[in-house]
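Student: Can you read through this structure? Questions will come right after.
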Amino acid sequence: MRVLVTGAAGFIGYHTARALLERGDEVIGLDDLNAYYDPALKCARLERLRSCANFRFLRIDVADRAAMEAMFARERPQRVVHLAAQAGVRHSIGHPHAYVETNLTGFLHVLEGCRAGGVEHLVYASTSSVYGANTQLPYAETQGTNHPLSLYAATKKANELMAHSYAALYRLPATGLRFFTVYGPWGRPDMALFTFTRQILAGQPIELFNEGRHQRDFTYVDDIVHGVVAALDHIATADPAWDSDAPDPSSSRAPYRIYNIGNAHAVPLLRYVEVLEQCLGRKASIEMKPMQPGDVPETCADVGALERAVGYRPDTPIEVGVRRFVDWYLEYHHR
């Protein structure tokens, strides 16, 4: 297939593009290489993709309407994996406009391109953050998500609603994947594992918010990518059992689906740090901090729906995943 992957120089985008290329798909990678974090890491990922014969890169900002319209008309992708976004819960508090421009306006341009180009299936990134103030665990797609605690989460909830409207109006098959905390080689420098590793190696203290009582559904990137690719191959369809008197928010009479994609296990943050210490052979100096605005104490995914739909079964324990990250980090930084 000819697949457009937006955010292809990003963490999950890079790994997804590689998986598609390795199975023989043609990949059009799109990214704007912005400076939210060090563009050198994005360029290093991109260089690895450029070595593949079936990969082409386009430097485009998804918020640029004219460029996106021209790209869709010229490239005519069959399917789209939309991973480009302004990420980060805490960053959204101080930089709200970036989230509206990229996550809302940019997503509209993707939807319009898919509609105009007759794209067979749109798979897009949502987030576990949409569960917001919900406290019933594990999170299930049948739960309501009307109480986001950050603008980032609100933009992702809006993406789900926008996708449904296009699925209903134009029969555009759309699948949203609610990512839980993803980690692994080539990860984002603003994520905890990358930050903790850098600070421990530098002899600096690490900060644990919520006094270290957080629990997270840490999910290894290879498990995530297997789910993304499987979802791309499984085109969203209308749910014949959908009941408007008791509406299931994860499906519809339109070709629209929402799935959690995580590891299905909540791991205490202190255990995560302990595994990292073991892999690095060093102890961390820890500073306990209070809960941050927009944060939640625990996340855990019910992934049963995605398992039933595409056979998704994450199987990488943190002991294996963190070791792989540390090995990559040390090699990448020549340590």
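Ordering of the structure tokens sets the chain letters (A, B, ...); residue numbers start at 1 within each chain; ligands are numbered from 1 in the order shown.
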Excluding Val5 (chain A) and its own-chain neighbours fewer than 6 positions away, which residues fall within 7 Å of it when counting only C-alpha atoms? Please give them as a PyMOL selection string.

Tutor: chain A and resi 13+17+27-30+80-83

Student: Near Leu20 (chain A), within 12 Å and counting only C-alpha atoms, which residues show up once chain neighbours fewer than 3 positions away are dropped, as a ChimeraX atom specification?

Tutor: /A:1-5,8,13-17,23-29,49,52,54-55,79-81,225-226,228-230,232-233

Student: Compile the contact shell of region 189-193 of chain A as number ranges by chain: residues with an atom at most 9 Å away, counting only C-alpha atoms, same-chain residues fewer than 3 positions apart removed.

Tutor: A: 37-38, 41, 88, 181-184, 186, 196-198, 272-273, 276, 322, 325

Student: Write out the residues from the selection above, keeping C-alpha atoms, as an mmCIF file, in the first residue's frame.

Tutor:
```
data_model
loop_
_atom_site.group_PDB
_atom_site.id
_atom_site.type_symbol
_atom_site.label_atom_id
_atom_site.label_comp_id
_atom_site.auth_asym_id
_atom_site.auth_seq_id
_atom_site.Cartn_x
_atom_site.Cartn_y
_atom_site.Cartn_z
ATOM 1 C CA TYR A 37 12.607 18.949 21.363
ATOM 2 C CA ASP A 38 16.067 18.631 19.764
ATOM 3 C CA LEU A 41 17.152 13.390 17.174
ATOM 4 C CA GLY A 88 2.721 16.878 26.300
ATOM 5 C CA THR A 181 2.619 5.821 28.175
ATOM 6 C CA VAL A 182 4.922 4.689 25.356
ATOM 7 C CA TYR A 183 8.664 4.168 25.858
ATOM 8 C CA GLY A 184 11.581 2.558 24.055
ATOM 9 C CA TRP A 186 14.562 6.521 19.909
ATOM 10 C CA PHE A 196 15.654 10.072 34.200
ATOM 11 C CA THR A 197 18.415 8.301 32.272
ATOM 12 C CA ARG A 198 20.108 11.561 31.336
ATOM 13 C CA TYR A 272 10.102 1.761 36.864
ATOM 14 C CA VAL A 273 12.936 3.786 38.408
ATOM 15 C CA LEU A 276 16.276 1.784 35.290
ATOM 16 C CA VAL A 322 13.923 -0.497 29.735
ATOM 17 C CA PHE A 325 16.120 1.680 25.811
#
```

Student: In Å, how far is it from CA of Ile261 (chain A) to CA of Arg56 (chain A)?

Tutor: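 The value is 27.7 Å.
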
Student: I'd like the contact shell of region 241-254 of chain A - 12 Å cut-off, only C-alpha atoms, skipping same-chain residues fewer than 4 positions apart - returned as a PyMOL selection string.

Tutor: chain A and resi 140-146+157+160-161+163-178+236-237+258-260+305-306

Student: Just want the 9 Å neighbourhood of Thr102 (chain A), counted on only C-alpha atoms, with same-chain residues fewer than 5 positions away dropped. Output as a list in words.

Tutor: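 Using only C-alpha atoms, the neighbours found are Asp61, Val62, Ala63, Ala84, Ala85, Gln86, His97 and Phe107 of chain A.
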
Student: Can you list every residue in region 2-96 of chain A that DSSP puts in alpha helix (DSSP H), as a ChimeraX atom specification?

Tutor: /A:11-22,39-50,65-75,89-94,96

Student: Do you know which residues are at most 12 Å from Val100 (chain A) counting only C-alpha atoms, after dropping those on the same chain fewer than 3 positions away, and could you put them as a VMD selection string?

Tutor: chain A and resid 62 to 63 85 to 87 92 95 to 97 103 to 108 151 to 156 158 to 159

Student: Restrict the selected residues to N, CA, C and O atoms and save them as a compact mmCIF listing (two decimals), in the first residue's frame.

Tutor:
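That gives us again16.txt:
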```txt
# COMPACT_ATOMS: atom_id res chain seq x y z
N VAL A 62 1.45 20.24 9.30
CA VAL A 62 0.05 19.86 9.06
C VAL A 62 -0.90 21.04 9.21
O VAL A 62 -2.03 21.00 8.70
N ALA A 63 -0.48 22.11 9.88
CA ALA A 63 -1.32 23.29 10.02
C ALA A 63 -1.31 24.18 8.78
O ALA A 63 -2.08 25.15 8.71
N ALA A 85 1.48 15.64 16.03
CA ALA A 85 0.70 16.35 17.05
C ALA A 85 1.64 17.16 17.92
O ALA A 85 2.84 16.87 18.00
N GLN A 86 1.08 18.17 18.57
CA GLN A 86 1.80 18.81 19.66
C GLN A 86 1.50 18.01 20.91
O GLN A 86 0.36 17.95 21.35
N ALA A 87 2.51 17.35 21.44
CA ALA A 87 2.31 16.44 22.56
C ALA A 87 2.67 17.11 23.88
O ALA A 87 3.24 18.20 23.92
N SER A 92 1.17 21.93 27.45
CA SER A 92 -0.06 22.54 26.94
C SER A 92 -0.57 23.64 27.86
O SER A 92 -1.32 24.52 27.42
N HIS A 95 1.51 26.73 26.66
CA HIS A 95 1.59 27.00 25.23
C HIS A 95 0.31 26.53 24.52
O HIS A 95 0.36 25.69 23.63
N PRO A 96 -0.84 27.05 24.92
CA PRO A 96 -2.11 26.52 24.40
C PRO A 96 -2.30 26.70 22.91
O PRO A 96 -2.90 25.85 22.25
N HIS A 97 -1.81 27.81 22.35
CA HIS A 97 -2.06 28.08 20.94
C HIS A 97 -1.44 27.03 20.03
O HIS A 97 -2.00 26.67 18.99
N ASN A 103 -3.05 20.38 16.67
CA ASN A 103 -3.93 19.26 16.98
C ASN A 103 -5.35 19.44 16.47
O ASN A 103 -6.04 18.45 16.23
N LEU A 104 -5.79 20.69 16.31
CA LEU A 104 -7.14 20.91 15.80
C LEU A 104 -7.12 21.32 14.32
O LEU A 104 -7.67 20.63 13.47
N THR A 105 -6.46 22.43 14.02
CA THR A 105 -6.40 22.88 12.63
C THR A 105 -5.67 21.84 11.76
O THR A 105 -6.12 21.51 10.66
N GLY A 106 -4.55 21.33 12.26
CA GLY A 106 -3.82 20.32 11.50
C GLY A 106 -4.64 19.07 11.27
O GLY A 106 -4.61 18.49 10.17
N PHE A 107 -5.39 18.65 12.26
CA PHE A 107 -6.21 17.45 12.10
C PHE A 107 -7.33 17.68 11.10
O PHE A 107 -7.68 16.78 10.32
N LEU A 108 -7.87 18.88 11.10
CA LEU A 108 -8.89 19.21 10.09
C LEU A 108 -8.31 19.07 8.69
O LEU A 108 -8.97 18.52 7.79
N LEU A 151 -5.52 20.97 28.27
CA LEU A 151 -5.91 21.34 26.91
C LEU A 151 -5.43 20.29 25.92
O LEU A 151 -6.11 20.01 24.93
N TYR A 152 -4.28 19.68 26.18
CA TYR A 152 -3.81 18.60 25.31
C TYR A 152 -4.87 17.51 25.21
O TYR A 152 -5.24 17.07 24.11
N ALA A 153 -5.38 17.07 26.35
CA ALA A 153 -6.41 16.03 26.35
C ALA A 153 -7.67 16.51 25.64
O ALA A 153 -8.31 15.75 24.90
N ALA A 154 -8.02 17.77 25.84
CA ALA A 154 -9.21 18.31 25.18
C ALA A 154 -9.07 18.31 23.67
O ALA A 154 -10.03 18.02 22.94
N THR A 155 -7.88 18.62 23.16
CA THR A 155 -7.69 18.61 21.70
C THR A 155 -7.79 17.20 21.15
O THR A 155 -8.32 17.00 20.05
N LYS A 156 -7.32 16.22 21.90
CA LYS A 156 -7.40 14.84 21.44
C LYS A 156 -8.84 14.32 21.49
O LYS A 156 -9.27 13.56 20.61
N ALA A 158 -11.34 16.25 21.04
CA ALA A 158 -11.93 16.93 19.88
C ALA A 158 -11.60 16.18 18.59
O ALA A 158 -12.45 16.08 17.69
N ASN A 159 -10.39 15.64 18.49
CA ASN A 159 -10.03 14.85 17.31
C ASN A 159 -10.97 13.66 17.13
O ASN A 159 -11.41 13.36 16.01
```
